[in-house]
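Student: What follows is the file run_38.csv, containing CSV, C-alpha atoms:
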chain,number,residue,atom,x,y,z
A,1,MET,CA,19.1,-17.2,-16.9
A,2,PRO,CA,21.1,-16.6,-20.0
A,3,SER,CA,23.6,-13.8,-20.1
A,4,TYR,CA,22.8,-10.6,-22.0
A,5,SER,CA,23.9,-11.2,-25.6
A,6,GLY,CA,23.9,-7.5,-26.8
A,7,ARG,CA,27.0,-6.5,-28.7
A,8,GLY,CA,28.6,-3.3,-29.8
A,9,VAL,CA,28.3,-0.1,-27.8
A,10,HIS,CA,24.9,-1.0,-26.3
A,11,GLY,CA,26.3,-4.3,-24.9
A,12,GLN,CA,29.4,-2.5,-23.6
A,13,VAL,CA,27.4,0.0,-21.7
A,14,VAL,CA,25.2,-2.7,-20.1
A,15,ARG,CA,28.3,-4.6,-19.0
A,16,LEU,CA,30.2,-1.5,-17.7
A,17,LEU,CA,27.3,-0.1,-15.7
A,18,GLY,CA,26.1,-3.5,-14.5
A,19,ALA,CA,29.6,-4.2,-13.2
A,20,ARG,CA,29.9,-0.8,-11.5
A,21,ILE,CA,26.5,-1.2,-9.7
A,22,VAL,CA,27.2,-4.8,-8.6
A,23,GLY,CA,30.7,-3.8,-7.6
A,24,GLY,CA,29.4,-1.1,-5.3
A,25,GLU,CA,30.6,1.9,-7.1
A,26,PHE,CA,27.1,3.2,-7.1
A,27,ALA,CA,25.4,2.8,-3.7
A,28,GLU,CA,21.9,1.3,-3.2
A,29,GLY,CA,19.4,4.1,-3.6
A,30,GLU,CA,21.8,6.4,-5.4
A,31,VAL,CA,20.2,8.4,-8.2
A,32,LEU,CA,22.1,8.1,-11.4
A,33,ASP,CA,22.8,11.1,-13.6
A,34,VAL,CA,21.9,9.5,-16.9
A,35,ARG,CA,23.1,12.4,-19.0
A,36,ALA,CA,26.4,12.7,-17.2
A,37,LEU,CA,27.0,8.9,-17.5
A,38,GLY,CA,26.2,9.1,-21.2
A,39,ALA,CA,28.7,11.9,-21.6
A,40,GLU,CA,31.3,9.9,-19.6
A,41,LEU,CA,30.8,6.8,-21.7
A,42,ASP,CA,30.5,8.9,-24.9
A,43,VAL,CA,27.2,7.4,-25.9
A,44,SER,CA,23.8,8.9,-26.9
A,45,LEU,CA,20.9,9.1,-24.5
A,46,THR,CA,19.1,6.6,-26.7
A,47,VAL,CA,21.9,4.0,-26.0
A,48,MET,CA,21.8,4.9,-22.3
A,49,ARG,CA,18.0,4.4,-22.1
A,50,GLU,CA,18.1,1.1,-23.9
A,51,SER,CA,21.0,-0.1,-21.7
A,52,LEU,CA,19.2,1.0,-18.5
A,53,LYS,CA,16.1,-1.0,-19.6
A,54,VAL,CA,18.3,-4.1,-19.6
A,55,LEU,CA,19.7,-3.4,-16.2
A,56,ALA,CA,16.2,-2.7,-14.9
A,57,GLY,CA,15.2,-6.2,-16.1
A,58,LYS,CA,17.9,-7.6,-13.9
A,59,GLY,CA,16.5,-5.7,-10.9
A,60,LEU,CA,19.6,-3.5,-10.6
A,61,ILE,CA,17.9,-0.2,-11.2
A,62,ASP,CA,14.5,1.4,-11.3
A,63,ALA,CA,13.1,4.8,-12.4
A,64,ARG,CA,10.3,6.9,-10.8
A,65,GLN,CA,8.8,10.2,-11.6
A,66,LYS,CA,10.3,13.1,-9.5
A,67,ARG,CA,13.1,10.7,-8.3
A,68,GLY,CA,14.8,9.7,-11.5
A,69,THR,CA,16.8,6.5,-12.2
A,70,PHE,CA,18.2,4.9,-9.0
A,71,VAL,CA,20.1,1.8,-7.9
A,72,CYS,CA,17.8,-0.7,-6.3
A,73,PRO,CA,18.4,-2.4,-3.0
A,74,ARG,CA,20.4,-5.6,-3.3
A,75,ALA,CA,17.3,-7.6,-2.2
A,76,ALA,CA,15.7,-6.6,-5.5
A,77,TRP,CA,18.6,-7.8,-7.7
A,78,ASN,CA,18.1,-10.9,-9.7
A,79,LEU,CA,20.9,-12.8,-8.1
A,80,LEU,CA,20.2,-15.8,-10.4
A,81,ASP,CA,20.9,-13.8,-13.5
A,82,SER,CA,24.1,-15.1,-15.2
A,83,ASP,CA,25.4,-11.5,-15.8
A,84,VAL,CA,24.8,-10.5,-12.2
A,85,ILE,CA,26.6,-13.7,-11.1
A,86,ARG,CA,29.6,-12.9,-13.3
A,87,TRP,CA,29.8,-9.3,-12.2
A,88,ARG,CA,29.7,-10.4,-8.5
A,89,VAL,CA,32.7,-12.7,-9.2
A,90,GLU,CA,34.6,-9.9,-11.0
A,91,ALA,CA,33.9,-7.6,-8.0
A,92,GLY,CA,35.4,-10.1,-5.6
A,93,ASP,CA,32.2,-11.5,-4.2
A,94,GLY,CA,32.8,-14.9,-5.8
A,95,GLU,CA,33.7,-16.8,-2.5
A,96,ARG,CA,30.3,-15.9,-1.0
A,97,LEU,CA,28.5,-16.8,-4.2
A,98,MET,CA,30.2,-20.2,-4.4
A,99,ARG,CA,29.5,-20.9,-0.8
A,100,ASP,CA,25.8,-20.1,-1.3
A,101,LEU,CA,25.7,-22.2,-4.4
A,102,ALA,CA,27.3,-25.1,-2.6
A,103,ASP,CA,24.7,-24.9,0.2
A,104,VAL,CA,21.8,-24.9,-2.3
A,105,ARG,CA,23.3,-27.8,-4.3
A,106,SER,CA,23.8,-29.8,-1.1
A,107,LEU,CA,20.1,-29.4,-0.3
A,108,VAL,CA,18.8,-30.2,-3.8
A,109,GLU,CA,21.0,-32.5,-5.7
A,110,PRO,CA,21.5,-35.5,-3.4
A,111,ALA,CA,17.7,-35.7,-2.9
A,112,ALA,CA,17.3,-35.3,-6.7
A,113,ALA,CA,19.7,-38.1,-7.4
A,114,HIS,CA,17.7,-40.3,-4.9
A,115,ARG,CA,14.4,-39.6,-6.6
A,116,ALA,CA,15.9,-40.0,-10.1
A,117,ALA,CA,17.0,-43.5,-9.2
A,118,LEU,CA,13.4,-44.4,-8.3
A,119,ARG,CA,11.7,-42.6,-11.2
A,120,ARG,CA,14.1,-42.4,-14.1
A,121,THR,CA,12.9,-43.5,-17.6
A,122,GLU,CA,14.9,-44.9,-20.4
A,123,ALA,CA,14.9,-41.5,-22.0
A,124,ASP,CA,16.4,-40.0,-18.8
A,125,LEU,CA,19.2,-42.5,-18.9
A,126,VAL,CA,19.9,-41.7,-22.6
A,127,ALA,CA,20.0,-38.0,-21.7
A,128,LEU,CA,22.3,-38.6,-18.7
A,129,GLY,CA,24.5,-40.9,-20.8
A,130,ALA,CA,24.8,-38.4,-23.6
A,131,ALA,CA,25.9,-35.7,-21.2
A,132,LEU,CA,28.5,-38.0,-19.6
A,133,ALA,CA,29.8,-38.9,-23.0
A,134,ALA,CA,30.0,-35.2,-24.0
A,135,MET,CA,31.9,-34.6,-20.7
A,136,ALA,CA,34.4,-37.4,-21.6
A,137,ASP,CA,34.9,-36.0,-25.1
A,138,ALA,CA,35.0,-32.3,-24.2
A,139,ARG,CA,38.0,-30.3,-25.4
A,140,GLY,CA,38.2,-26.9,-23.8
A,141,ALA,CA,36.5,-25.2,-20.9
A,142,ALA,CA,33.4,-24.1,-22.9
A,143,ALA,CA,32.6,-27.7,-23.9
A,144,GLU,CA,33.2,-29.1,-20.4
A,145,GLU,CA,31.0,-26.4,-19.0
A,146,GLU,CA,28.1,-27.2,-21.4
A,147,ALA,CA,28.4,-31.0,-20.7
A,148,ASP,CA,28.4,-30.5,-17.0
A,149,ALA,CA,25.3,-28.2,-17.2
A,150,SER,CA,23.6,-30.8,-19.4
A,151,PHE,CA,24.2,-33.6,-16.9
A,152,HIS,CA,22.9,-31.7,-14.0
A,153,ARG,CA,19.9,-30.5,-16.0
A,154,ALA,CA,19.1,-34.1,-17.0
A,155,LEU,CA,19.5,-35.3,-13.4
A,156,LEU,CA,16.8,-32.8,-12.3
A,157,ALA,CA,14.5,-33.8,-15.1
A,158,ALA,CA,15.0,-37.5,-14.2
A,159,THR,CA,13.2,-36.9,-10.9
A,160,GLY,CA,9.9,-36.9,-12.9
A,161,ASN,CA,9.0,-33.8,-10.9
A,162,GLU,CA,8.4,-30.7,-13.2
A,163,LEU,CA,9.0,-28.3,-10.3
A,164,LEU,CA,12.3,-29.9,-9.4
A,165,ALA,CA,13.3,-30.0,-13.1
A,166,ARG,CA,12.9,-26.2,-13.3
A,167,LEU,CA,15.4,-25.7,-10.5
A,168,ASP,CA,18.0,-25.7,-13.3
A,169,LEU,CA,17.1,-22.1,-13.6
A,170,LEU,CA,18.3,-21.6,-10.1
A,171,LEU,CA,21.4,-23.8,-10.2
A,172,GLU,CA,22.7,-23.6,-13.7
A,173,PRO,CA,24.0,-20.0,-13.9
A,174,GLY,CA,26.0,-20.4,-10.7
A,175,LEU,CA,27.2,-23.9,-11.8
A,176,ARG,CA,28.5,-22.5,-15.1
A,177,GLU,CA,30.4,-19.7,-13.3
A,178,ARG,CA,31.8,-22.2,-10.8
A,179,ASP,CA,33.1,-24.3,-13.7
A,180,ARG,CA,34.7,-21.2,-15.4
A,181,LEU,CA,36.4,-20.3,-12.1
A,182,VAL,CA,37.8,-23.8,-11.6
A,183,HIS,CA,39.0,-24.3,-15.2
A,184,ALA,CA,40.5,-20.8,-15.3
A,185,HIS,CA,42.8,-21.7,-12.4
A,186,GLY,CA,43.5,-25.3,-13.4
A,187,GLY,CA,41.8,-26.7,-10.3
A,188,ALA,CA,39.7,-29.4,-11.9
A,189,ASP,CA,40.4,-33.1,-12.0
A,190,ASP,CA,38.6,-35.4,-14.4
A,191,PRO,CA,34.9,-34.9,-13.6
A,192,VAL,CA,33.8,-38.1,-15.4
A,193,PRO,CA,34.3,-40.7,-12.7
A,194,SER,CA,32.2,-38.9,-10.1
A,195,HIS,CA,29.4,-38.2,-12.5
A,196,ARG,CA,29.5,-41.8,-13.8
A,197,ALA,CA,29.1,-43.1,-10.3
A,198,VAL,CA,25.9,-41.0,-10.0
A,199,LEU,CA,24.6,-42.3,-13.3
A,200,ASP,CA,25.5,-45.9,-12.6
A,201,ALA,CA,23.5,-45.8,-9.3
A,202,ILE,CA,20.5,-44.2,-11.1
A,203,ARG,CA,20.6,-46.8,-13.8
A,204,ASP,CA,20.7,-49.5,-11.2
A,205,GLN,CA,17.7,-47.8,-9.4
A,206,ASP,CA,19.8,-47.8,-6.2
A,207,ALA,CA,18.5,-44.6,-4.6
A,208,PRO,CA,20.7,-44.6,-1.4
A,209,ARG,CA,23.8,-45.2,-3.5
A,210,ALA,CA,22.8,-42.5,-6.0
A,211,GLU,CA,22.4,-40.0,-3.1
A,212,LEU,CA,25.8,-41.0,-1.6
A,213,ALA,CA,27.4,-40.7,-5.1
A,214,MET,CA,26.0,-37.2,-5.4
A,215,LEU,CA,27.3,-36.3,-2.0
A,216,ASP,CA,30.8,-37.6,-3.0
A,217,LEU,CA,30.5,-35.5,-6.3
A,218,LEU,CA,29.7,-32.4,-4.3
A,219,ALA,CA,32.6,-33.0,-1.9
A,220,LYS,CA,34.9,-33.2,-4.9
A,221,ALA,CA,33.5,-30.0,-6.2
A,222,ALA,CA,34.2,-28.3,-2.9
A,223,GLU,CA,37.7,-29.7,-3.0
A,224,ASP,CA,38.2,-28.2,-6.5
A,225,LEU,CA,37.0,-24.8,-5.3
A,226,GLY,CA,39.3,-25.0,-2.3
A,227,GLN,CA,42.3,-25.5,-4.7
A,228,VAL,CA,41.2,-22.5,-6.7
A,229,SER,CA,41.0,-20.4,-3.5
A,230,ALA,CA,44.5,-21.5,-2.4
A,231,THR,CA,45.9,-20.8,-5.9
A,232,ARG,CA,44.4,-17.3,-5.9
A,233,ALA,CA,45.7,-16.6,-2.4
A,234,ASP,CA,49.2,-17.6,-3.4
A,235,MET,CA,49.0,-15.3,-6.5
A,236,ASN,CA,48.0,-12.4,-4.2
How does the structure come out when it is put into structure tokens?
Tutor:
Amino acid sequence: MPSYSGRGVHGQVVRLLGARIVGGEFAEGEVLDVRALGAELDVSLTVMRESLKVLAGKGLIDARQKRGTFVCPRAAWNLLDSDVIRWRVEAGDGERLMRDLADVRSLVEPAAAHRAALRRTEADLVALGAALAAMADARGAAAEEEADASFHRALLAATGNELLARLDLLLEPGLRERDRLVHAHGGADDPVPSHRAVLDAIRDQDAPRAELAMLDLLAKAAEDLGQVSATRADMN
């Protein structure tokens, strides 16, 4: 899901409170003193209420009569929300998040590459090729992140399965955060060769080779993250 685009005071309050909740400053079930928080942040109750609505939409809080506004159990949080993902990383929960993402990708993407090789259309090849070209031409982390997301989105679409295609909603927020982490710590090698190997196998309609190429790509992704973890450990 896309991140919250609110700016100004309203957006700042959403980000501050969201990060504090995800970071554990407010415990699950804890009732929030909305007026006190508004005074602390020096914002009006109107701003607080609008900000809390956004956080409620992310599953972080809820409000009930006679109980007030409270922090929801973690099981209710929208863990696929891009803001929640980013707040988790900022709170130091990034390693667990990336491990979970790698598990999901290992289950989904090799099988998706296999099916894409069997079912791809010329339009799918065009979309994959365009994403790969954008990856090769990308200058800067934001452009590389967008190209990578486009490639994996096109891969899922190339399976010809509408339900598989919509798994981009599950994978993409975490994938984008993973790319930001890797690029921020200089841990990424050229991603084009591993992605080109997947595309070439899909173009050749070689399903076993496409699956193996995706497994190789995921192994490279894990290696990049390992380098980031090592770099961060050295810095600490």
Student: For the atom pair atom CA of A:Gly59 and atom CA of A:Leu45, what is the interatomic distance in Å to one decimal place?
Tutor: 20.6 Å
Student: In terms of the shortest atom-to-atom distance over only C-alpha atoms, which of A:Leu217, A:Val31, A:Ala184, A:Cys72 is closest to A:Gly140?
Tutor: A:Ala184
Student: Would you list the contacts of A:Asp168 as a count of residues only, taking every protein, DNA or RNA residue within 8 Å and counting all atoms listed in the file, but skipping same-chain residues closer than 6 positions in sequence?
Tutor: 3
Student: Please provide as number ranges by chain all residues within 12 Å of stretch 198-206 of chain A, with the sequence filter that same-chain residues fewer than 4 positions apart are discarded (counting all atoms listed in the file).
Tutor: A: 109-110, 112-133, 151-152, 154-155, 158-159, 191-194, 210-218
Student: For the selection you just gave me, I'd like the residues written to a file as a PDB file, in the coordinates of the input, keeping C-alpha atoms.
Tutor:
ATOM      1  CA  GLU A 109      21.000 -32.500  -5.700  1.00  0.00           C
ATOM      2  CA  PRO A 110      21.500 -35.500  -3.400  1.00  0.00           C
ATOM      3  CA  ALA A 112      17.300 -35.300  -6.700  1.00  0.00           C
ATOM      4  CA  ALA A 113      19.700 -38.100  -7.400  1.00  0.00           C
ATOM      5  CA  HIS A 114      17.700 -40.300  -4.900  1.00  0.00           C
ATOM      6  CA  ARG A 115      14.400 -39.600  -6.600  1.00  0.00           C
ATOM      7  CA  ALA A 116      15.900 -40.000 -10.100  1.00  0.00           C
ATOM      8  CA  ALA A 117      17.000 -43.500  -9.200  1.00  0.00           C
ATOM      9  CA  LEU A 118      13.400 -44.400  -8.300  1.00  0.00           C
ATOM     10  CA  ARG A 119      11.700 -42.600 -11.200  1.00  0.00           C
ATOM     11  CA  ARG A 120      14.100 -42.400 -14.100  1.00  0.00           C
ATOM     12  CA  THR A 121      12.900 -43.500 -17.600  1.00  0.00           C
ATOM     13  CA  GLU A 122      14.900 -44.900 -20.400  1.00  0.00           C
ATOM     14  CA  ALA A 123      14.900 -41.500 -22.000  1.00  0.00           C
ATOM     15  CA  ASP A 124      16.400 -40.000 -18.800  1.00  0.00           C
ATOM     16  CA  LEU A 125      19.200 -42.500 -18.900  1.00  0.00           C
ATOM     17  CA  VAL A 126      19.900 -41.700 -22.600  1.00  0.00           C
ATOM     18  CA  ALA A 127      20.000 -38.000 -21.700  1.00  0.00           C
ATOM     19  CA  LEU A 128      22.300 -38.600 -18.700  1.00  0.00           C
ATOM     20  CA  GLY A 129      24.500 -40.900 -20.800  1.00  0.00           C
ATOM     21  CA  ALA A 130      24.800 -38.400 -23.600  1.00  0.00           C
ATOM     22  CA  ALA A 131      25.900 -35.700 -21.200  1.00  0.00           C
ATOM     23  CA  LEU A 132      28.500 -38.000 -19.600  1.00  0.00           C
ATOM     24  CA  ALA A 133      29.800 -38.900 -23.000  1.00  0.00           C
ATOM     25  CA  PHE A 151      24.200 -33.600 -16.900  1.00  0.00           C
ATOM     26  CA  HIS A 152      22.900 -31.700 -14.000  1.00  0.00           C
ATOM     27  CA  ALA A 154      19.100 -34.100 -17.000  1.00  0.00           C
ATOM     28  CA  LEU A 155      19.500 -35.300 -13.400  1.00  0.00           C
ATOM     29  CA  ALA A 158      15.000 -37.500 -14.200  1.00  0.00           C
ATOM     30  CA  THR A 159      13.200 -36.900 -10.900  1.00  0.00           C
ATOM     31  CA  PRO A 191      34.900 -34.900 -13.600  1.00  0.00           C
ATOM     32  CA  VAL A 192      33.800 -38.100 -15.400  1.00  0.00           C
ATOM     33  CA  PRO A 193      34.300 -40.700 -12.700  1.00  0.00           C
ATOM     34  CA  SER A 194      32.200 -38.900 -10.100  1.00  0.00           C
ATOM     35  CA  ALA A 210      22.800 -42.500  -6.000  1.00  0.00           C
ATOM     36  CA  GLU A 211      22.400 -40.000  -3.100  1.00  0.00           C
ATOM     37  CA  LEU A 212      25.800 -41.000  -1.600  1.00  0.00           C
ATOM     38  CA  ALA A 213      27.400 -40.700  -5.100  1.00  0.00           C
ATOM     39  CA  MET A 214      26.000 -37.200  -5.400  1.00  0.00           C
ATOM     40  CA  LEU A 215      27.300 -36.300  -2.000  1.00  0.00           C
ATOM     41  CA  ASP A 216      30.800 -37.600  -3.000  1.00  0.00           C
ATOM     42  CA  LEU A 217      30.500 -35.500  -6.300  1.00  0.00           C
ATOM     43  CA  LEU A 218      29.700 -32.400  -4.300  1.00  0.00           C
TER      44      LEU A 218
END
Student: Using only C-alpha atoms, find the one residue out of A:Ala36, A:Thr46, A:Glu90, A:Gly57 that sits nearest to A:Gly24.
Tutor: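 Nearest candidate to A:Gly24 out of A:Ala36, A:Thr46, A:Glu90, A:Gly57: A:Glu90.
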Student: What does the distance between atom CA of A:Pro173 and atom CA of A:Ala143 come to in Å, to one decimal place?
Tutor: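 These two atoms are separated by 15.3 Å.
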Student: Take the point (26.2, 4.3, -10.5) as written in the file and pick out every residue within 12 Å of it, counting only C-alpha atoms; give the list as a ChimeraX atom specification.
Tutor: /A:14,16-34,36-38,40,52,55,60-61,69-72
Student: Could those selected residues go to a file with C-alpha atoms, as a CSV table (one decimal), in the coordinates of the input?
Tutor:
chain,number,residue,atom,x,y,z
A,14,VAL,CA,25.2,-2.7,-20.1
A,16,LEU,CA,30.2,-1.5,-17.7
A,17,LEU,CA,27.3,-0.1,-15.7
A,18,GLY,CA,26.1,-3.5,-14.5
A,19,ALA,CA,29.6,-4.2,-13.2
A,20,ARG,CA,29.9,-0.8,-11.5
A,21,ILE,CA,26.5,-1.2,-9.7
A,22,VAL,CA,27.2,-4.8,-8.6
A,23,GLY,CA,30.7,-3.8,-7.6
A,24,GLY,CA,29.4,-1.1,-5.3
A,25,GLU,CA,30.6,1.9,-7.1
A,26,PHE,CA,27.1,3.2,-7.1
A,27,ALA,CA,25.4,2.8,-3.7
A,28,GLU,CA,21.9,1.3,-3.2
A,29,GLY,CA,19.4,4.1,-3.6
A,30,GLU,CA,21.8,6.4,-5.4
A,31,VAL,CA,20.2,8.4,-8.2
A,32,LEU,CA,22.1,8.1,-11.4
A,33,ASP,CA,22.8,11.1,-13.6
A,34,VAL,CA,21.9,9.5,-16.9
A,36,ALA,CA,26.4,12.7,-17.2
A,37,LEU,CA,27.0,8.9,-17.5
A,38,GLY,CA,26.2,9.1,-21.2
A,40,GLU,CA,31.3,9.9,-19.6
A,52,LEU,CA,19.2,1.0,-18.5
A,55,LEU,CA,19.7,-3.4,-16.2
A,60,LEU,CA,19.6,-3.5,-10.6
A,61,ILE,CA,17.9,-0.2,-11.2
A,69,THR,CA,16.8,6.5,-12.2
A,70,PHE,CA,18.2,4.9,-9.0
A,71,VAL,CA,20.1,1.8,-7.9
A,72,CYS,CA,17.8,-0.7,-6.3
Student: Could you tell me which of A:Arg64, A:Arg166, A:Arg178, A:His10 comes closest to A:Glu145 if we count all atoms listed in the file?
Tutor: A:Arg178
Student: What separation in Å, quoted to one decimal, exists between atom CA of A:Asp103 and atom CA of A:Ala138?
Tutor: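 Result for atom CA of A:Asp103 versus atom CA of A:Ala138: 27.5 Å, one decimal.
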Student: When you look at A:Glu172 with a cut-off of 10 Å (counting all atoms listed in the file), what residues show up, excluding the ones that are within fewer than 2 positions of it in the same chain? I need them as an NGL selection string.
Tutor: :A and (1-2 or 80-82 or 101 or 148-150 or 152-153 or 167-170 or 174-178)
Student: Using all atoms listed in the file, which of A:Ala165, A:Lys220, A:Arg180, A:Lys58 sits nearest A:Glu146?
Tutor: A:Arg180
Student: Of the candidates A:Ala111, A:Met48, A:Ala134, A:Ala39, which shows the shortest atom-to-atom distance to A:Gln12, using all atoms listed in the file?
Tutor: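 When distances to A:Gln12 are compared using all atoms listed in the file, the smallest one comes from A:Met48.
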Student: Up to 10 Å from (29.6, -22.8, -2.9) in the file's coordinates: name the residues, counting all atoms listed in the file, as a PyMOL selection string.
Tutor: chain A and resi 94-106+174-175+178+218+221-222+225-226
Student: Need a file for stretch 32-41 of chain A from that block: all heavy atoms, written as a PDB file, in the first residue's frame.
Tutor:
ATOM      1  N   LEU A  32      -4.856   6.109  24.873  1.00  0.00           N
ATOM      2  CA  LEU A  32      -4.131   7.339  24.573  1.00  0.00           C
ATOM      3  C   LEU A  32      -4.909   8.547  25.082  1.00  0.00           C
ATOM      4  O   LEU A  32      -6.118   8.653  24.880  1.00  0.00           O
ATOM      5  CB  LEU A  32      -3.917   7.477  23.063  1.00  0.00           C
ATOM      6  CG  LEU A  32      -3.164   6.332  22.375  1.00  0.00           C
ATOM      7  CD1 LEU A  32      -3.061   6.614  20.876  1.00  0.00           C
ATOM      8  CD2 LEU A  32      -1.784   6.147  22.972  1.00  0.00           C
ATOM      9  N   ASP A  33      -4.212   9.430  25.746  1.00  0.00           N
ATOM     10  CA  ASP A  33      -4.806  10.691  26.196  1.00  0.00           C
ATOM     11  C   ASP A  33      -4.675  11.673  25.033  1.00  0.00           C
ATOM     12  O   ASP A  33      -3.628  12.308  24.860  1.00  0.00           O
ATOM     13  CB  ASP A  33      -4.067  11.204  27.433  1.00  0.00           C
ATOM     14  CG  ASP A  33      -4.761  12.409  28.054  1.00  0.00           C
ATOM     15  OD1 ASP A  33      -5.402  13.171  27.301  1.00  0.00           O
ATOM     16  OD2 ASP A  33      -4.637  12.596  29.278  1.00  0.00           O
ATOM     17  N   VAL A  34      -5.720  11.772  24.247  1.00  0.00           N
ATOM     18  CA  VAL A  34      -5.663  12.543  23.010  1.00  0.00           C
ATOM     19  C   VAL A  34      -5.391  14.019  23.293  1.00  0.00           C
ATOM     20  O   VAL A  34      -4.583  14.663  22.611  1.00  0.00           O
ATOM     21  CB  VAL A  34      -6.972  12.381  22.212  1.00  0.00           C
ATOM     22  CG1 VAL A  34      -6.946  13.257  20.958  1.00  0.00           C
ATOM     23  CG2 VAL A  34      -7.172  10.915  21.828  1.00  0.00           C
ATOM     24  N   ARG A  35      -6.036  14.564  24.312  1.00  0.00           N
ATOM     25  CA  ARG A  35      -5.823  15.979  24.634  1.00  0.00           C
ATOM     26  C   ARG A  35      -4.384  16.232  25.085  1.00  0.00           C
ATOM     27  O   ARG A  35      -3.756  17.211  24.683  1.00  0.00           O
ATOM     28  CB  ARG A  35      -6.801  16.427  25.716  1.00  0.00           C
ATOM     29  CG  ARG A  35      -8.242  16.513  25.235  1.00  0.00           C
ATOM     30  CD  ARG A  35      -9.168  17.048  26.311  1.00  0.00           C
ATOM     31  NE  ARG A  35     -10.541  17.122  25.835  1.00  0.00           N
ATOM     32  CZ  ARG A  35     -11.036  18.150  25.142  1.00  0.00           C
ATOM     33  NH1 ARG A  35     -10.248  19.177  24.856  1.00  0.00           N
ATOM     34  NH2 ARG A  35     -12.294  18.143  24.735  1.00  0.00           N
ATOM     35  N   ALA A  36      -3.853  15.340  25.910  1.00  0.00           N
ATOM     36  CA  ALA A  36      -2.481  15.508  26.396  1.00  0.00           C
ATOM     37  C   ALA A  36      -1.480  15.391  25.252  1.00  0.00           C
ATOM     38  O   ALA A  36      -0.501  16.146  25.182  1.00  0.00           O
ATOM     39  CB  ALA A  36      -2.177  14.471  27.467  1.00  0.00           C
ATOM     40  N   LEU A  37      -1.725  14.454  24.334  1.00  0.00           N
ATOM     41  CA  LEU A  37      -0.835  14.313  23.187  1.00  0.00           C
ATOM     42  C   LEU A  37      -0.905  15.543  22.284  1.00  0.00           C
ATOM     43  O   LEU A  37       0.111  16.003  21.757  1.00  0.00           O
ATOM     44  CB  LEU A  37      -1.201  13.059  22.391  1.00  0.00           C
ATOM     45  CG  LEU A  37      -0.764  11.727  22.993  1.00  0.00           C
ATOM     46  CD1 LEU A  37      -1.377  10.563  22.216  1.00  0.00           C
ATOM     47  CD2 LEU A  37       0.758  11.614  23.005  1.00  0.00           C
ATOM     48  N   GLY A  38      -2.118  16.082  22.139  1.00  0.00           N
ATOM     49  CA  GLY A  38      -2.260  17.290  21.345  1.00  0.00           C
ATOM     50  C   GLY A  38      -1.488  18.449  21.950  1.00  0.00           C
ATOM     51  O   GLY A  38      -0.834  19.213  21.238  1.00  0.00           O
ATOM     52  N   ALA A  39      -1.554  18.561  23.286  1.00  0.00           N
ATOM     53  CA  ALA A  39      -0.807  19.618  23.962  1.00  0.00           C
ATOM     54  C   ALA A  39       0.697  19.397  23.824  1.00  0.00           C
ATOM     55  O   ALA A  39       1.470  20.337  23.598  1.00  0.00           O
ATOM     56  CB  ALA A  39      -1.208  19.665  25.430  1.00  0.00           C
ATOM     57  N   GLU A  40       1.122  18.145  23.952  1.00  0.00           N
ATOM     58  CA  GLU A  40       2.547  17.817  23.834  1.00  0.00           C
ATOM     59  C   GLU A  40       3.082  18.168  22.448  1.00  0.00           C
ATOM     60  O   GLU A  40       4.193  18.697  22.313  1.00  0.00           O
ATOM     61  CB  GLU A  40       2.756  16.326  24.103  1.00  0.00           C
ATOM     62  CG  GLU A  40       4.191  15.848  23.898  1.00  0.00           C
ATOM     63  CD  GLU A  40       4.308  14.341  23.950  1.00  0.00           C
ATOM     64  OE1 GLU A  40       3.417  13.680  24.530  1.00  0.00           O
ATOM     65  OE2 GLU A  40       5.293  13.814  23.381  1.00  0.00           O
ATOM     66  N   LEU A  41       2.291  17.871  21.426  1.00  0.00           N
ATOM     67  CA  LEU A  41       2.705  18.124  20.049  1.00  0.00           C
ATOM     68  C   LEU A  41       2.347  19.529  19.582  1.00  0.00           C
ATOM     69  O   LEU A  41       2.691  19.913  18.459  1.00  0.00           O
ATOM     70  CB  LEU A  41       2.075  17.081  19.122  1.00  0.00           C
ATOM     71  CG  LEU A  41       2.436  15.621  19.416  1.00  0.00           C
ATOM     72  CD1 LEU A  41       1.637  14.683  18.527  1.00  0.00           C
ATOM     73  CD2 LEU A  41       3.926  15.385  19.224  1.00  0.00           C
TER      74      LEU A  41
END
